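Source file data20.cif; content: mmCIF, C-alpha atoms.
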```cif
data_structure
#
loop_
_atom_site.label_atom_id
_atom_site.label_comp_id
_atom_site.auth_asym_id
_atom_site.auth_seq_id
_atom_site.Cartn_x
_atom_site.Cartn_y
_atom_site.Cartn_z
CA MET A 41 -7.89 -45.12 0.98
CA TYR A 42 -4.64 -46.05 -0.70
CA THR A 43 -3.05 -42.62 -0.62
CA ASP A 44 -3.00 -40.68 2.61
CA PRO A 45 -0.98 -37.48 3.18
CA ASP A 46 0.05 -38.87 6.56
CA ASP A 47 2.04 -41.53 4.70
CA LEU A 48 4.69 -38.89 4.02
CA LYS A 49 5.50 -39.02 7.73
CA ARG A 50 6.63 -42.62 7.22
CA ALA A 51 9.63 -41.62 5.09
CA ARG A 52 12.04 -41.56 8.03
CA SER A 53 10.94 -44.97 9.31
CA VAL A 54 11.21 -46.48 5.82
CA GLY A 55 14.57 -44.76 5.41
CA ALA A 56 15.77 -46.23 8.68
CA ASN A 57 15.51 -49.63 7.04
CA ALA A 58 17.84 -48.55 4.22
CA PRO A 59 19.97 -45.80 5.81
CA ALA A 60 22.68 -45.52 3.15
CA GLU A 61 20.17 -45.31 0.31
CA PHE A 62 17.94 -42.92 2.23
CA ALA A 63 20.87 -40.62 3.00
CA ALA A 64 21.86 -40.60 -0.68
CA TRP A 65 18.29 -39.87 -1.73
CA ARG A 66 18.00 -37.02 0.78
CA ALA A 67 21.28 -35.49 -0.40
CA PHE A 68 20.06 -35.69 -4.00
CA GLN A 69 16.71 -34.15 -3.05
CA GLU A 70 18.46 -31.30 -1.20
CA ALA A 71 20.62 -30.63 -4.26
CA VAL A 72 17.64 -30.29 -6.58
CA ASP A 73 15.70 -28.22 -4.04
CA ARG A 74 18.47 -25.62 -3.76
CA GLU A 75 17.69 -21.96 -4.24
CA ASP A 76 20.91 -20.97 -6.03
CA GLY A 77 20.68 -23.09 -9.19
CA ALA A 78 20.66 -21.79 -12.75
CA VAL A 79 17.01 -22.92 -12.95
CA PRO A 80 14.97 -20.78 -10.53
CA ARG A 81 13.15 -22.65 -7.78
CA ARG A 82 9.69 -21.77 -9.12
CA TYR A 83 10.59 -23.43 -12.44
CA ARG A 84 12.01 -26.43 -10.61
CA GLU A 85 8.65 -26.77 -8.87
CA LEU A 86 6.72 -26.49 -12.15
CA ILE A 87 8.98 -29.21 -13.61
CA SER A 88 8.33 -31.29 -10.49
CA VAL A 89 4.57 -30.84 -10.87
CA ALA A 90 4.80 -31.89 -14.52
CA VAL A 91 6.74 -35.03 -13.61
CA ALA A 92 4.30 -35.79 -10.78
CA LEU A 93 1.44 -35.54 -13.28
CA VAL A 94 3.17 -37.98 -15.62
CA THR A 95 4.19 -40.44 -12.90
CA GLN A 96 0.80 -39.92 -11.23
CA CYS A 97 2.38 -39.67 -7.80
CA ALA A 98 -0.23 -38.10 -5.52
CA TYR A 99 2.35 -37.45 -2.82
CA CYS A 100 4.70 -35.63 -5.21
CA LEU A 101 1.78 -33.66 -6.58
CA ASP A 102 0.81 -32.59 -3.06
CA VAL A 103 4.34 -31.61 -2.02
CA HIS A 104 5.27 -29.83 -5.26
CA THR A 105 2.03 -27.91 -5.81
CA ALA A 106 2.41 -26.56 -2.27
CA ALA A 107 6.06 -25.64 -2.95
CA ALA A 108 5.11 -24.11 -6.30
CA ARG A 109 2.57 -21.87 -4.60
CA ARG A 110 5.13 -20.85 -1.93
CA HIS A 111 7.57 -19.93 -4.70
CA GLY A 112 5.12 -17.67 -6.51
CA VAL A 113 3.66 -19.97 -9.16
CA THR A 114 0.23 -18.72 -10.22
CA ALA A 115 -2.89 -20.80 -10.80
CA GLU A 116 -2.62 -19.91 -14.50
CA GLU A 117 0.98 -21.17 -14.68
CA LEU A 118 -0.04 -24.38 -12.93
CA ALA A 119 -2.93 -24.91 -15.37
CA GLU A 120 -0.73 -24.26 -18.42
CA THR A 121 1.90 -26.62 -17.04
CA ALA A 122 -0.76 -29.33 -16.76
CA PHE A 123 -1.79 -28.89 -20.39
CA VAL A 124 1.80 -28.75 -21.66
CA THR A 125 2.44 -31.96 -19.73
CA ALA A 126 -0.67 -33.60 -21.20
CA ALA A 127 0.36 -32.63 -24.74
CA VAL A 128 3.92 -33.92 -24.31
CA ARG A 129 2.62 -37.15 -22.83
CA ALA A 130 0.23 -37.52 -25.76
CA GLY A 131 3.19 -36.96 -28.08
CA GLY A 132 5.02 -39.78 -26.34
CA THR A 133 2.02 -42.02 -26.99
CA LEU A 134 2.10 -41.11 -30.68
CA ALA A 135 5.86 -41.76 -30.81
CA HIS A 136 5.31 -45.23 -29.38
CA ALA A 137 2.44 -45.77 -31.81
CA LEU A 138 4.87 -45.09 -34.67
CA MET A 139 7.23 -47.69 -33.23
CA ALA A 140 4.33 -50.13 -32.77
CA ASP A 141 3.39 -49.62 -36.41
CA ARG A 142 6.95 -50.40 -37.51
CA LEU A 143 7.12 -53.46 -35.24
CA TYR A 144 3.74 -54.65 -36.51
CA GLU A 145 5.00 -54.48 -40.08
CA GLY A 146 8.18 -56.31 -39.04
CA HIS A 147 6.16 -59.20 -37.61
CA SER A 148 4.58 -59.86 -41.00
CA HIS A 149 7.76 -61.48 -42.29
#
```

Could you render the structure from this file as structure tokens?
Amino acid sequence: MYTDPDDLKRARSVGANAPAEFAAWRAFQEAVDREDGAVPRRYRELISVAVALVTQCAYCLDVHTAAARRHGVTAEELAETAFVTAAVRAGGTLAHALMADRLYEGHSH
């Protein structure tokens, strides 16, 4: 299996090979995981789930759905977030299709 939840335990050993970068990443992660931001933590987790769906990161999806549940996100909110994400991603595909159409026409000259 390519994805394995136990892989998350490897973060520290991978980080040991790039300590400055890993420290910067951890500081950034701690900043966005804070509880006292203008965006409540439950919304931060829903945003994180949406991004994980788009990037298709199984590890992020695992970590952030668990955190979303801990921060009071309901199954209904999670489901709606998934469909909002799907619609926005589909919109991005349409936007690129419009650009492809313009580029296609431009290649006719």

Practice task
For segment 61-74 of chain A, work out the shell of residues within 10 Å, counting all atoms listed in the file and skipping chain neighbours fewer than 6 positions away, then give it as a list in words.
Solution key: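 That gives Ala51, Arg52, Val54, Gly55, Pro80, Arg81, Arg84 and Glu85 of chain A.
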
Exercise for the section: Could you please determine the separation between atom CA of Thr105 of chain A and atom CA of Val79 of chain A in Å, to one decimal place? Expected result: 17.3 Å

Handout entry: Pick from A:Asn57, A:Thr43, A:Ser88, A:Ser148, whichever lies nearest to Ala122 of chain A using only C-alpha atoms
Key =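 That would be A:Ser88, the residue with the smallest distance to Ala122 of chain A.
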
Problem - Given all atoms listed in the file as the counted atoms, nearest of A:Ala115, A:Cys100, A:Leu138, A:Val89 to Leu48 of chain A - result: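 Of all the options, A:Cys100 lies closest to Leu48 of chain A.
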
Exercise for the section: Would you mind telling me which residue in A:Ala90, A:Ala60, A:Lys49, A:Asp76 lies nearest to Thr125 of chain A when using only C-alpha atoms? Expected result: A:Ala90

Problem - Result set, the PyMOL selection byres ((chain A and resi 93-97) around 12) on current file, as a VMD selection string - result: chain A and resid 42 to 45 86 to 92 98 to 105 118 to 119 121 to 130 132

Using the file's own x, y and z axes, so that the box edges lie along x, y and z, what centre and edge lengths in Å (one decimal) does a box around every listed atom of segment 135-145 of chain A get when 4 Å is added on each side? Give it as lines of an AutoDock Vina configuration file.
```
center_x = 4.8
center_y = -48.2
center_z = -34.7
size_x = 12.8
size_y = 20.9
size_z = 18.7
```

Exercise for the section: May I ask for the distance between atom CA of Ala108 of chain A and atom CA of Gly77 of chain A, given in Å to one decimal place? Expected result: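 Between atom CA of Ala108 of chain A and atom CA of Gly77 of chain A the gap is 15.9 Å.
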
Exercise for the section: Could you tell me how far atom CA of Glu145 of chain A lies from atom CA of Gly131 of chain A, in Å and to one decimal? Expected result: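 Between atom CA of Glu145 of chain A and atom CA of Gly131 of chain A the gap is 21.3 Å.
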
Practice task
Could you tell me which of A:Asp46, A:Arg82, A:Ala56, A:His147 comes closest to Gly112 of chain A if we count all atoms listed in the file?
Solution key: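 Nearest candidate to Gly112 of chain A out of A:Asp46, A:Arg82, A:Ala56, A:His147: A:Arg82.
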